[in-house]
Protein chains: 2
Amino acid sequence: MKARSRGLSRVSSTSHEVAELAGVSRSAVSRTFTPDASVSEATRRKVLKAAAKLGYQPNVIARSLITRRSRIVGLIMGEWENPFYATMLRGFSEKLQARDYQLMLLTRGPDGGVDSALRLLMQYRVDGIILVSCVPSPQVARQCARAGARLVIVNRDTADMPAVGIGADAQGIGRDVAELLLRAGYRNIALVRGDPSVVVGIERSEAFRVTIAASGDARIVINQTGVVGYDQGRRFLHEAMRHDPRPDAIFCSSDLTALGVLDGARIDFGVSVPDQMAVVGLGDIPAASWGPYALTTVQLPVERIIDASIEALLTPAAPDRGEPIVMAATIVQRATVRAVSDLADRAHGS
Amino acid sequence: MKARSRGLSRVSSTSHEVAELAGVSRSAVSRTFTPDASVSEATRRKVLKAAAKLGYQPNVIARSLITRRSRIVGLIMGEWENPFYATMLRGFSEKLQARDYQLMLLTRGPDGGVDSALRLLMQYRVDGIILVSCVPSPQVARQCARAGARLVIVNRDTADMPAVGIGADAQGIGRDVAELLLRAGYRNIALVRGDPSVVVGIERSEAFRVTIAASGDARIVINQTGVVGYDQGRRFLHEAMRHDPRPDAIFCSSDLTALGVLDGARIDFGVSVPDQMAVVGLGDIPAASWGPYALTTVQLPVERIIDASIEALLTPAAPDRGEPIVMAATIVQRATVRAVSDLADRAHGS
C-alpha cells in the first residue's frame, strides 16, 4: 500500500508556495532557478531560503518544454574495456557538471546499436551528443543535426557527417613512434591493433608504415589486426616468437595489449626487453608506469580532448562540420625501448 | 547565422503528421511510443513506418509530465580511481538500457557534494537514484523519498535513511581472509584501508581483527587507514618494512593498493611472496590476474549487486528500507598467500 501510493503522492512543493513564503512573485521564483536569468541578489536569497524550507525543487523537465533546452548532454560509450575510456568518461562527467549540464550515459549495444542510442537521446531533447569511439550512420547523424542536437565524435572519423570530430593526431603518433624505434636501432618491426575498420587506426598504421619504409633498412615484419587487451596481447606474442623473422620491436594500439605482449616476452620466453625486443603502447594508463612494466607509450591529450569537445558542443558559434580538431600526443619514454644514448654507448664501447 | 538559427528551428515532425501519414489516430501514435501501452501490431507497424519516413521522435520529456515517470535513473559515482567501479558503472548502463531506462550520471563533487547531486537529479524527476560508494544526508534522502524517487545505496551504510542498502558481506570477507591467513601460518598481520569513516570498511576490519584475536597466537601488528591506490600502497610497504615486528601478511582494502604493496615488497626489498610475506587484495580487478602479480584477492559479486539494485529501484513492491541486502563474496586463491598444502609439506619436510 505504502509503496503503491507513492506514484500518486504530491511530487513536491509548488513554486506558488515558495513565492508566498518568500514574499516575491512567481516569476521571481522561476527566474531564480533558470540559469543565466536576471534576478536581484536579495530576491534570489529570499527565494532560495524559502525553497530550502519547503523542500522545493524546480521542474527542469517542464522548463525544457518552454526553453527547448534540456541541459542534458548525451554520451555514447563505444568502448569500455580500456581503462583509458573510464578516465575520459569521468572527465566529461565532472566538467559538464561544473557547467551545469547533466550527462545521460548510453552504451553502444552488442549489435553496434549507435543509431538506436542516438534516436533515444533525441527523444530526451538533449542539447548535444558526444560519441566516444563509435560512429552513427550519416543518415541518423543528419536527423540529429536537423533536430538541433550538436554531435561531437571523439577518436573516430567524421567524414560525410554534420559532426565535429576531435581526437589525437593519429598520423603524428604513427610517425613519432616509428622514428623512436628507428633511432633506437630496431629493424624488424611488428604492428598490432584491434578493429581493422577504424579510420584513425588505419591513418596511424599507414604513417607508421611509411616512416619505417622510408628508412631503407628497417621493415614491417608483422601487421596484425584484431588483437585487443591483455590476454590477446600475450597470445599474440607467442605467435610473434614463431614468426620468421622474429620481430625485435612491437608497437601496440593500446597499453593493455602492450602489457600482455611484455609479460609474454619476459615471463613466457625470458626475452630481455628492451635489449632483445622493444614494446610500445598507446594511452598511458596508470598500469603502464607500475614497477614490473615501465612501459614506453604514447600519452593522449585526454583533458584537451574533453575541453575541446565540451566547447564544440556548448559554444553557439562553434563550427558544426569541417576538418576534425586534431591534438598532438606525447611519447612517454620509460624502459621498454632502448634509449638512443644506450645505442651510442654500444657503438663506442663493447 | 546558421548556428544561431538552429535553436529556433522546428524541432522535429509532429505526432499529428505521423498519424496523418499512417492513417491512424494521434492516440494510436502516442500509444505506439509509450512503453507497455496497448496497440495492435498492424497499427504499430504503420506508425513506425510513417515515423521513420518523417524522422519523428516522440518527446519523452513532455510525456513524463503526464505519466510522472521520466524513465531516467540517476547514478552518483562516489569513487572513480578504482577500476572496479568503472566495471560496475558499465553494468548499470547496459542493464538499465536493456530495460528501457536511461542513466543520468553525476560525480560526487570534491567537497562531498552528494546532497547537491541528489537535488539536481530530483529536478529531472528521476524515477530512482543509485549512489555508488557515497551517502547523502538523511534529510536530503528523506526529501527524495517524499518526492517519489527511490534510493539505492551501494557499498555504504544506510542507517536512518529511507533507502535500500546493497553490498558485499563485509563481515564475511573480514572473517574469511583472516581464516585463510591463519590456516596458511601467518602470525604478524597488517590491515590497510582507505577512508576510516566508511562503515563497511569498519565492519570488515572488525570481523578480521576479532578472528585474528581469537586465534590466540596471531596478532594485528599494523592497522592503518588513509592508504588508497598503487602509489600509496607501495609507500606503505616501505613503512611496514621498518615496523617492529615486521608484518608477514598484509590485507589491503583494494587490489590497487595490494599491487603497490606487492611491487614494493618484491621490487624494492626483494621480499619473497608468499614465503616471507602474504599479500591479499579486494575487488579482483583484471590486473590482479596478470603475470607479475597473480594476486590472491576477494571477488565481489558485482553482477548480483547490479541486478539487485535495479530490482530494488524498479520493482514497485520492493522494500524501501530495512536490513541491507548483503551478498557473499569469494576468495580467489592465486599465488600471494601460501597454499595450506605447502604448509603441510613444510611441517613434514625440512
# chains A, B, ... in the order shown; residues from 1 in each chain; ligands from 1

$ select_by_dssp --residues "range 17-150 of chain B" --states "alpha helix (DSSP H)" --output "PDB file with N, CA and C atoms, in the first residue's frame"
ATOM      1  N   GLU B  17       1.396  14.791 -37.874  1.00  0.00           N
ATOM      2  CA  GLU B  17       1.846  14.434 -39.227  1.00  0.00           C
ATOM      3  C   GLU B  17       2.022  12.922 -39.374  1.00  0.00           C
ATOM      4  N   VAL B  18       2.548  12.303 -38.301  1.00  0.00           N
ATOM      5  CA  VAL B  18       2.748  10.855 -38.338  1.00  0.00           C
ATOM      6  C   VAL B  18       1.398  10.137 -38.444  1.00  0.00           C
ATOM      7  N   ALA B  19       0.417  10.609 -37.624  1.00  0.00           N
ATOM      8  CA  ALA B  19      -0.912   9.992 -37.624  1.00  0.00           C
ATOM      9  C   ALA B  19      -1.541  10.099 -39.016  1.00  0.00           C
ATOM     10  N   GLU B  20      -1.369  11.270 -39.646  1.00  0.00           N
ATOM     11  CA  GLU B  20      -1.948  11.502 -40.961  1.00  0.00           C
ATOM     12  C   GLU B  20      -1.352  10.558 -42.007  1.00  0.00           C
ATOM     13  N   LEU B  21      -0.009  10.495 -42.011  1.00  0.00           N
ATOM     14  CA  LEU B  21       0.668   9.649 -42.993  1.00  0.00           C
ATOM     15  C   LEU B  21       0.340   8.167 -42.784  1.00  0.00           C
ATOM     16  N   ALA B  22       0.250   7.761 -41.484  1.00  0.00           N
ATOM     17  CA  ALA B  22      -0.021   6.345 -41.187  1.00  0.00           C
ATOM     18  C   ALA B  22      -1.502   6.003 -41.335  1.00  0.00           C
ATOM     19  N   ARG B  26      -4.154  10.094 -33.551  1.00  0.00           N
ATOM     20  CA  ARG B  26      -2.993  10.588 -32.793  1.00  0.00           C
ATOM     21  C   ARG B  26      -2.777   9.748 -31.547  1.00  0.00           C
ATOM     22  N   SER B  27      -3.877   9.287 -30.994  1.00  0.00           N
ATOM     23  CA  SER B  27      -3.764   8.453 -29.793  1.00  0.00           C
ATOM     24  C   SER B  27      -3.010   7.162 -30.107  1.00  0.00           C
ATOM     25  N   ALA B  28      -3.231   6.622 -31.314  1.00  0.00           N
ATOM     26  CA  ALA B  28      -2.510   5.397 -31.700  1.00  0.00           C
ATOM     27  C   ALA B  28      -1.013   5.668 -31.792  1.00  0.00           C
ATOM     28  N   VAL B  29      -0.655   6.859 -32.309  1.00  0.00           N
ATOM     29  CA  VAL B  29       0.763   7.232 -32.386  1.00  0.00           C
ATOM     30  C   VAL B  29       1.335   7.309 -30.978  1.00  0.00           C
ATOM     31  N   SER B  30       0.603   7.972 -30.109  1.00  0.00           N
ATOM     32  CA  SER B  30       1.065   8.136 -28.731  1.00  0.00           C
ATOM     33  C   SER B  30       1.261   6.783 -28.052  1.00  0.00           C
ATOM     34  N   ARG B  31       0.276   5.861 -28.231  1.00  0.00           N
ATOM     35  CA  ARG B  31       0.386   4.552 -27.575  1.00  0.00           C
ATOM     36  C   ARG B  31       1.548   3.736 -28.142  1.00  0.00           C
ATOM     37  N   THR B  32       1.808   3.911 -29.434  1.00  0.00           N
ATOM     38  CA  THR B  32       2.925   3.172 -30.036  1.00  0.00           C
ATOM     39  C   THR B  32       4.246   3.510 -29.341  1.00  0.00           C
ATOM     40  N   GLU B  41      -0.519  -4.852 -33.447  1.00  0.00           N
ATOM     41  CA  GLU B  41       0.749  -4.992 -34.168  1.00  0.00           C
ATOM     42  C   GLU B  41       0.678  -4.296 -35.531  1.00  0.00           C
ATOM     43  N   ALA B  42      -0.482  -4.398 -36.198  1.00  0.00           N
ATOM     44  CA  ALA B  42      -0.626  -3.787 -37.523  1.00  0.00           C
ATOM     45  C   ALA B  42      -0.512  -2.264 -37.414  1.00  0.00           C
ATOM     46  N   THR B  43      -1.178  -1.680 -36.412  1.00  0.00           N
ATOM     47  CA  THR B  43      -1.132  -0.229 -36.221  1.00  0.00           C
ATOM     48  C   THR B  43       0.291   0.206 -35.882  1.00  0.00           C
ATOM     49  N   ARG B  44       0.917  -0.567 -34.953  1.00  0.00           N
ATOM     50  CA  ARG B  44       2.274  -0.237 -34.528  1.00  0.00           C
ATOM     51  C   ARG B  44       3.211  -0.172 -35.746  1.00  0.00           C
ATOM     52  N   ARG B  45       3.084  -1.157 -36.628  1.00  0.00           N
ATOM     53  CA  ARG B  45       3.955  -1.187 -37.806  1.00  0.00           C
ATOM     54  C   ARG B  45       3.723   0.025 -38.702  1.00  0.00           C
ATOM     55  N   LYS B  46       2.422   0.381 -38.894  1.00  0.00           N
ATOM     56  CA  LYS B  46       2.109   1.536 -39.745  1.00  0.00           C
ATOM     57  C   LYS B  46       2.711   2.820 -39.151  1.00  0.00           C
ATOM     58  N   VAL B  47       2.560   2.947 -37.822  1.00  0.00           N
ATOM     59  CA  VAL B  47       3.056   4.162 -37.152  1.00  0.00           C
ATOM     60  C   VAL B  47       4.576   4.241 -37.258  1.00  0.00           C
ATOM     61  N   LEU B  48       5.259   3.117 -36.991  1.00  0.00           N
ATOM     62  CA  LEU B  48       6.725   3.142 -37.013  1.00  0.00           C
ATOM     63  C   LEU B  48       7.255   3.466 -38.407  1.00  0.00           C
ATOM     64  N   LYS B  49       6.566   2.942 -39.429  1.00  0.00           N
ATOM     65  CA  LYS B  49       6.988   3.199 -40.806  1.00  0.00           C
ATOM     66  C   LYS B  49       6.859   4.698 -41.131  1.00  0.00           C
ATOM     67  N   ALA B  50       5.696   5.277 -40.755  1.00  0.00           N
ATOM     68  CA  ALA B  50       5.471   6.702 -41.021  1.00  0.00           C
ATOM     69  C   ALA B  50       6.467   7.551 -40.227  1.00  0.00           C
ATOM     70  N   ALA B  51       6.720   7.151 -38.966  1.00  0.00           N
ATOM     71  CA  ALA B  51       7.630   7.921 -38.114  1.00  0.00           C
ATOM     72  C   ALA B  51       9.043   7.914 -38.699  1.00  0.00           C
ATOM     73  N   ALA B  52       9.475   6.752 -39.176  1.00  0.00           N
ATOM     74  CA  ALA B  52      10.821   6.643 -39.753  1.00  0.00           C
ATOM     75  C   ALA B  52      10.924   7.538 -40.983  1.00  0.00           C
ATOM     76  N   LYS B  53       9.867   7.522 -41.795  1.00  0.00           N
ATOM     77  CA  LYS B  53       9.857   8.323 -43.026  1.00  0.00           C
ATOM     78  C   LYS B  53       9.978   9.819 -42.710  1.00  0.00           C
ATOM     79  N   LEU B  54       9.277  10.265 -41.653  1.00  0.00           N
ATOM     80  CA  LEU B  54       9.237  11.692 -41.307  1.00  0.00           C
ATOM     81  C   LEU B  54      10.346  12.089 -40.328  1.00  0.00           C
ATOM     82  N   VAL B  60       9.745  12.412 -25.017  1.00  0.00           N
ATOM     83  CA  VAL B  60       9.545  11.708 -23.742  1.00  0.00           C
ATOM     84  C   VAL B  60       9.475  12.681 -22.587  1.00  0.00           C
ATOM     85  N   ILE B  61      10.061  13.857 -22.782  1.00  0.00           N
ATOM     86  CA  ILE B  61      10.036  14.854 -21.714  1.00  0.00           C
ATOM     87  C   ILE B  61       8.612  15.358 -21.499  1.00  0.00           C
ATOM     88  N   ALA B  62       7.935  15.660 -22.606  1.00  0.00           N
ATOM     89  CA  ALA B  62       6.539  16.091 -22.483  1.00  0.00           C
ATOM     90  C   ALA B  62       5.701  14.967 -21.870  1.00  0.00           C
ATOM     91  N   ARG B  63       5.974  13.735 -22.320  1.00  0.00           N
ATOM     92  CA  ARG B  63       5.187  12.617 -21.802  1.00  0.00           C
ATOM     93  C   ARG B  63       5.393  12.426 -20.310  1.00  0.00           C
ATOM     94  N   SER B  64       6.623  12.695 -19.840  1.00  0.00           N
ATOM     95  CA  SER B  64       6.904  12.461 -18.423  1.00  0.00           C
ATOM     96  C   SER B  64       6.104  13.393 -17.521  1.00  0.00           C
ATOM     97  N   LEU B  65       5.681  14.542 -18.060  1.00  0.00           N
ATOM     98  CA  LEU B  65       4.862  15.455 -17.257  1.00  0.00           C
ATOM     99  C   LEU B  65       3.496  14.841 -16.992  1.00  0.00           C
ATOM    100  N   ILE B  66       3.033  14.011 -17.928  1.00  0.00           N
ATOM    101  CA  ILE B  66       1.727  13.376 -17.765  1.00  0.00           C
ATOM    102  C   ILE B  66       1.859  12.086 -16.957  1.00  0.00           C
ATOM    103  N   THR B  67       2.828  11.236 -17.363  1.00  0.00           N
ATOM    104  CA  THR B  67       2.955   9.935 -16.686  1.00  0.00           C
ATOM    105  C   THR B  67       3.663  10.064 -15.346  1.00  0.00           C
ATOM    106  N   PRO B  83      39.389   0.758 -10.743  1.00  0.00           N
ATOM    107  CA  PRO B  83      38.776   0.259 -11.992  1.00  0.00           C
ATOM    108  C   PRO B  83      37.536  -0.583 -11.730  1.00  0.00           C
ATOM    109  N   PHE B  84      37.445  -1.118 -10.509  1.00  0.00           N
ATOM    110  CA  PHE B  84      36.288  -1.887 -10.103  1.00  0.00           C
ATOM    111  C   PHE B  84      34.983  -1.100 -10.317  1.00  0.00           C
ATOM    112  N   TYR B  85      35.021   0.198 -10.057  1.00  0.00           N
ATOM    113  CA  TYR B  85      33.795   0.981 -10.146  1.00  0.00           C
ATOM    114  C   TYR B  85      33.404   1.305 -11.587  1.00  0.00           C
ATOM    115  N   ALA B  86      34.380   1.380 -12.490  1.00  0.00           N
ATOM    116  CA  ALA B  86      34.044   1.568 -13.904  1.00  0.00           C
ATOM    117  C   ALA B  86      33.321   0.330 -14.423  1.00  0.00           C
ATOM    118  N   THR B  87      33.748  -0.844 -13.968  1.00  0.00           N
ATOM    119  CA  THR B  87      33.071  -2.090 -14.335  1.00  0.00           C
ATOM    120  C   THR B  87      31.625  -2.063 -13.873  1.00  0.00           C
ATOM    121  N   MET B  88      31.426  -1.577 -12.648  1.00  0.00           N
ATOM    122  CA  MET B  88      30.074  -1.504 -12.110  1.00  0.00           C
ATOM    123  C   MET B  88      29.219  -0.514 -12.908  1.00  0.00           C
ATOM    124  N   LEU B  89      29.780   0.637 -13.237  1.00  0.00           N
ATOM    125  CA  LEU B  89      29.048   1.649 -13.999  1.00  0.00           C
ATOM    126  C   LEU B  89      28.639   1.104 -15.366  1.00  0.00           C
ATOM    127  N   ARG B  90      29.558   0.402 -16.001  1.00  0.00           N
ATOM    128  CA  ARG B  90      29.247  -0.200 -17.295  1.00  0.00           C
ATOM    129  C   ARG B  90      28.065  -1.152 -17.174  1.00  0.00           C
ATOM    130  N   GLY B  91      28.067  -1.971 -16.127  1.00  0.00           N
ATOM    131  CA  GLY B  91      26.977  -2.916 -15.917  1.00  0.00           C
ATOM    132  C   GLY B  91      25.647  -2.196 -15.715  1.00  0.00           C
ATOM    133  N   PHE B  92      25.646  -1.151 -14.899  1.00  0.00           N
ATOM    134  CA  PHE B  92      24.412  -0.394 -14.687  1.00  0.00           C
ATOM    135  C   PHE B  92      23.936   0.211 -16.011  1.00  0.00           C
ATOM    136  N   SER B  93      24.850   0.784 -16.783  1.00  0.00           N
ATOM    137  CA  SER B  93      24.469   1.406 -18.055  1.00  0.00           C
ATOM    138  C   SER B  93      23.817   0.381 -18.981  1.00  0.00           C
ATOM    139  N   GLU B  94      24.457  -0.765 -19.143  1.00  0.00           N
ATOM    140  CA  GLU B  94      23.943  -1.759 -20.084  1.00  0.00           C
ATOM    141  C   GLU B  94      22.624  -2.351 -19.609  1.00  0.00           C
ATOM    142  N   LYS B  95      22.527  -2.635 -18.317  1.00  0.00           N
ATOM    143  CA  LYS B  95      21.321  -3.313 -17.831  1.00  0.00           C
ATOM    144  C   LYS B  95      20.114  -2.377 -17.738  1.00  0.00           C
ATOM    145  N   LEU B  96      20.336  -1.109 -17.392  1.00  0.00           N
ATOM    146  CA  LEU B  96      19.217  -0.163 -17.379  1.00  0.00           C
ATOM    147  C   LEU B  96      18.731   0.090 -18.808  1.00  0.00           C
ATOM    148  N   GLN B  97      19.679   0.237 -19.717  1.00  0.00           N
ATOM    149  CA  GLN B  97      19.348   0.445 -21.123  1.00  0.00           C
ATOM    150  C   GLN B  97      18.505  -0.717 -21.663  1.00  0.00           C
ATOM    151  N   ALA B  98      18.864  -1.926 -21.282  1.00  0.00           N
ATOM    152  CA  ALA B  98      18.119  -3.107 -21.746  1.00  0.00           C
ATOM    153  C   ALA B  98      16.690  -3.083 -21.211  1.00  0.00           C
ATOM    154  N   VAL B 114      27.243  15.282  -2.311  1.00  0.00           N
ATOM    155  CA  VAL B 114      26.263  14.261  -2.675  1.00  0.00           C
ATOM    156  C   VAL B 114      24.856  14.852  -2.620  1.00  0.00           C
ATOM    157  N   ASP B 115      24.608  15.693  -1.608  1.00  0.00           N
ATOM    158  CA  ASP B 115      23.281  16.290  -1.463  1.00  0.00           C
ATOM    159  C   ASP B 115      22.913  17.142  -2.666  1.00  0.00           C
ATOM    160  N   SER B 116      23.842  17.960  -3.138  1.00  0.00           N
ATOM    161  CA  SER B 116      23.516  18.826  -4.272  1.00  0.00           C
ATOM    162  C   SER B 116      23.277  17.983  -5.529  1.00  0.00           C
ATOM    163  N   ALA B 117      24.017  16.875  -5.668  1.00  0.00           N
ATOM    164  CA  ALA B 117      23.783  15.985  -6.813  1.00  0.00           C
ATOM    165  C   ALA B 117      22.382  15.374  -6.732  1.00  0.00           C
ATOM    166  N   LEU B 118      21.955  14.983  -5.537  1.00  0.00           N
ATOM    167  CA  LEU B 118      20.607  14.422  -5.375  1.00  0.00           C
ATOM    168  C   LEU B 118      19.538  15.452  -5.717  1.00  0.00           C
ATOM    169  N   ARG B 119      19.736  16.691  -5.249  1.00  0.00           N
ATOM    170  CA  ARG B 119      18.740  17.738  -5.525  1.00  0.00           C
ATOM    171  C   ARG B 119      18.604  17.963  -7.023  1.00  0.00           C
ATOM    172  N   LEU B 120      19.757  17.967  -7.709  1.00  0.00           N
ATOM    173  CA  LEU B 120      19.759  18.154  -9.155  1.00  0.00           C
ATOM    174  C   LEU B 120      18.980  17.040  -9.851  1.00  0.00           C
ATOM    175  N   LEU B 121      19.218  15.808  -9.419  1.00  0.00           N
ATOM    176  CA  LEU B 121      18.525  14.677 -10.042  1.00  0.00           C
ATOM    177  C   LEU B 121      17.024  14.775  -9.808  1.00  0.00           C
ATOM    178  N   MET B 122      16.635  15.263  -8.632  1.00  0.00           N
ATOM    179  CA  MET B 122      15.193  15.407  -8.366  1.00  0.00           C
ATOM    180  C   MET B 122      14.563  16.415  -9.312  1.00  0.00           C
ATOM    181  N   GLN B 123      15.333  17.435  -9.713  1.00  0.00           N
ATOM    182  CA  GLN B 123      14.793  18.417 -10.664  1.00  0.00           C
ATOM    183  C   GLN B 123      14.418  17.753 -11.989  1.00  0.00           C
ATOM    184  N   PRO B 138      20.768  12.278   5.792  1.00  0.00           N
ATOM    185  CA  PRO B 138      19.442  11.673   5.982  1.00  0.00           C
ATOM    186  C   PRO B 138      18.311  12.620   5.567  1.00  0.00           C
ATOM    187  N   GLN B 139      18.518  13.920   5.802  1.00  0.00           N
ATOM    188  CA  GLN B 139      17.478  14.904   5.479  1.00  0.00           C
ATOM    189  C   GLN B 139      17.174  14.930   3.975  1.00  0.00           C
ATOM    190  N   VAL B 140      18.219  14.999   3.152  1.00  0.00           N
ATOM    191  CA  VAL B 140      18.003  15.053   1.703  1.00  0.00           C
ATOM    192  C   VAL B 140      17.497  13.697   1.192  1.00  0.00           C
ATOM    193  N   ALA B 141      17.963  12.611   1.813  1.00  0.00           N
ATOM    194  CA  ALA B 141      17.435  11.295   1.437  1.00  0.00           C
ATOM    195  C   ALA B 141      15.928  11.253   1.667  1.00  0.00           C
ATOM    196  N   ARG B 142      15.467  11.844   2.775  1.00  0.00           N
ATOM    197  CA  ARG B 142      14.022  11.855   3.056  1.00  0.00           C
ATOM    198  C   ARG B 142      13.273  12.725   2.051  1.00  0.00           C
ATOM    199  N   GLN B 143      13.883  13.857   1.638  1.00  0.00           N
ATOM    200  CA  GLN B 143      13.247  14.692   0.606  1.00  0.00           C
ATOM    201  C   GLN B 143      13.049  13.891  -0.689  1.00  0.00           C
ATOM    202  N   CYS B 144      14.071  13.110  -1.056  1.00  0.00           N
ATOM    203  CA  CYS B 144      13.960  12.286  -2.271  1.00  0.00           C
ATOM    204  C   CYS B 144      12.806  11.306  -2.132  1.00  0.00           C
ATOM    205  N   ALA B 145      12.750  10.632  -0.989  1.00  0.00           N
ATOM    206  CA  ALA B 145      11.702   9.636  -0.781  1.00  0.00           C
ATOM    207  C   ALA B 145      10.328  10.290  -0.883  1.00  0.00           C
ATOM    208  N   ARG B 146      10.186  11.473  -0.277  1.00  0.00           N
ATOM    209  CA  ARG B 146       8.896  12.165  -0.339  1.00  0.00           C
ATOM    210  C   ARG B 146       8.534  12.528  -1.769  1.00  0.00           C
TER     211      ARG B 146
END

$ closest_atom_pairs --of "range 112-176 of chain A" --to "range 194-216 of chain A" --cutoff "7 Å" --atoms "only C-alpha atoms" --output "Markdown table"
| residue | atom | partner | partner_atom | distance |
| --- | --- | --- | --- | --- |
| A:Asn155 | CA | A:Val200 | CA | 7.0 |
| A:Arg156 | CA | A:Val200 | CA | 6.2 |
| A:Asp157 | CA | A:Val199 | CA | 5.8 |
| A:Ala170 | CA | A:Arg204 | CA | 4.6 |
| A:Gln171 | CA | A:Arg204 | CA | 4.7 |
| A:Ile173 | CA | A:Arg204 | CA | 6.4 |
| A:Gly174 | CA | A:Phe208 | CA | 4.2 |
| A:Arg175 | CA | A:Phe208 | CA | 5.0 |

$ write_last_selection --atoms "C-alpha atoms" --output "compact mmCIF listing (two decimals), in the first residue's frame"
# COMPACT_ATOMS: atom_id res chain seq x y z
CA ASN A 155 38.52 9.44 -31.79
CA ARG A 156 36.66 8.38 -34.93
CA ASP A 157 36.30 9.57 -38.50
CA ALA A 170 46.92 9.69 -35.40
CA GLN A 171 49.42 10.33 -38.19
CA ILE A 173 51.67 9.25 -33.38
CA GLY A 174 52.44 6.71 -36.12
CA ARG A 175 55.35 8.79 -37.41

$ atom_distance --atom1 "CA of Gly167 in chain A" --atom2 "CA of Ile153 in chain A"
8.4 Å

$ select_by_dssp --residues "range 185-338 of chain A" --states "strand (DSSP E or B)" --output "PyMOL selection string"
chain A and resi 188-192+219-224+249-252+278-280+296-299+325-327+330-332

$ residues_around --residues "range 269-273 of chain A" --least-positions-apart "5" --cutoff "10 Å" --atoms "only C-alpha atoms" --output "JSON, numbers by chain"
{"A": [237, 238, 241, 248, 249, 262, 263, 264, 278, 279, 335, 336, 337, 338]}

$ closest_residue --among "A:Asn223, A:Ser254, A:Thr34, A:Thr296" --to "chain B" --atoms "only C-alpha atoms"
A:Thr34

$ atom_distance --atom1 "CA of Gly165 in chain B" --atom2 "CA of Gln102 in chain B"
21.5 Å

$ residues_around --residues "Ile129 in chain A" --least-positions-apart "3" --cutoff "6 Å" --atoms "only C-alpha atoms" --output "list in words"
Val73, Gly74, Leu75 and Leu151 of chain A

$ atom_distance --atom1 "CA of Tyr124 in chain A" --atom2 "CA of Phe33 in chain A"
20.4 Å

$ closest_residue --among "B:Gly78, B:Pro292, B:Pro274, B:Pro162" --to "chain A" --atoms "only C-alpha atoms"
B:Pro292

$ closest_residue --among "B:Gly233, B:Gly281, B:Gly185, B:Pro136" --to "chain A" --atoms "only C-alpha atoms"
B:Gly233

$ residues_around --residues "range 299-308 of chain A" --least-positions-apart "5" --cutoff "7 Å" --atoms "only C-alpha atoms" --output "list in words"
Met88, Gly91, Phe92, Ile166, Gly167, Ala168, Leu282, Gly283, Asp284, Met327, Ala329, Thr330, Ile331 and Val332 of chain A

$ write_last_selection --atoms "N, CA and C atoms" --output "tab-separated table (two decimals), in the first residue's frame"
chain	number	residue	atom	x	y	z
A	88	MET	N	38.28	9.11	-19.40
A	88	MET	CA	37.64	10.13	-20.23
A	88	MET	C	36.20	10.39	-19.78
A	91	GLY	N	36.10	12.54	-16.75
A	91	GLY	CA	36.38	13.93	-17.08
A	91	GLY	C	35.15	14.62	-17.66
A	92	PHE	N	34.46	13.94	-18.58
A	92	PHE	CA	33.24	14.51	-19.15
A	92	PHE	C	32.20	14.75	-18.06
A	166	ILE	N	36.92	15.13	-33.04
A	166	ILE	CA	38.00	15.56	-32.14
A	166	ILE	C	38.81	14.33	-31.74
A	167	GLY	N	40.12	14.44	-31.83
A	167	GLY	CA	40.94	13.30	-31.42
A	167	GLY	C	42.41	13.62	-31.44
A	168	ALA	N	43.19	12.63	-31.06
A	168	ALA	CA	44.64	12.79	-31.09
A	168	ALA	C	45.13	12.70	-32.53
A	282	LEU	N	49.96	2.48	-26.23
A	282	LEU	CA	49.23	3.69	-26.60
A	282	LEU	C	48.17	3.95	-25.53
A	283	GLY	N	48.22	5.14	-24.90
A	283	GLY	CA	47.21	5.51	-23.93
A	283	GLY	C	47.77	6.00	-22.60
A	284	ASP	N	48.89	5.47	-22.17
A	284	ASP	CA	49.48	5.80	-20.86
A	284	ASP	C	48.47	5.63	-19.72
A	327	MET	N	44.77	16.88	-32.01
A	327	MET	CA	45.67	17.33	-30.94
A	327	MET	C	46.92	16.46	-30.90
A	329	ALA	N	49.94	14.31	-29.52
A	329	ALA	CA	50.17	13.40	-28.39
A	329	ALA	C	51.66	13.43	-28.05
A	330	THR	N	52.02	12.83	-26.92
A	330	THR	CA	53.40	12.89	-26.43
A	330	THR	C	53.91	11.49	-26.15
A	331	ILE	N	55.12	11.17	-26.60
A	331	ILE	CA	55.70	9.87	-26.24
A	331	ILE	C	56.27	9.96	-24.82
A	332	VAL	N	55.90	8.99	-23.97
A	332	VAL	CA	56.46	8.91	-22.61
A	332	VAL	C	57.52	7.81	-22.66
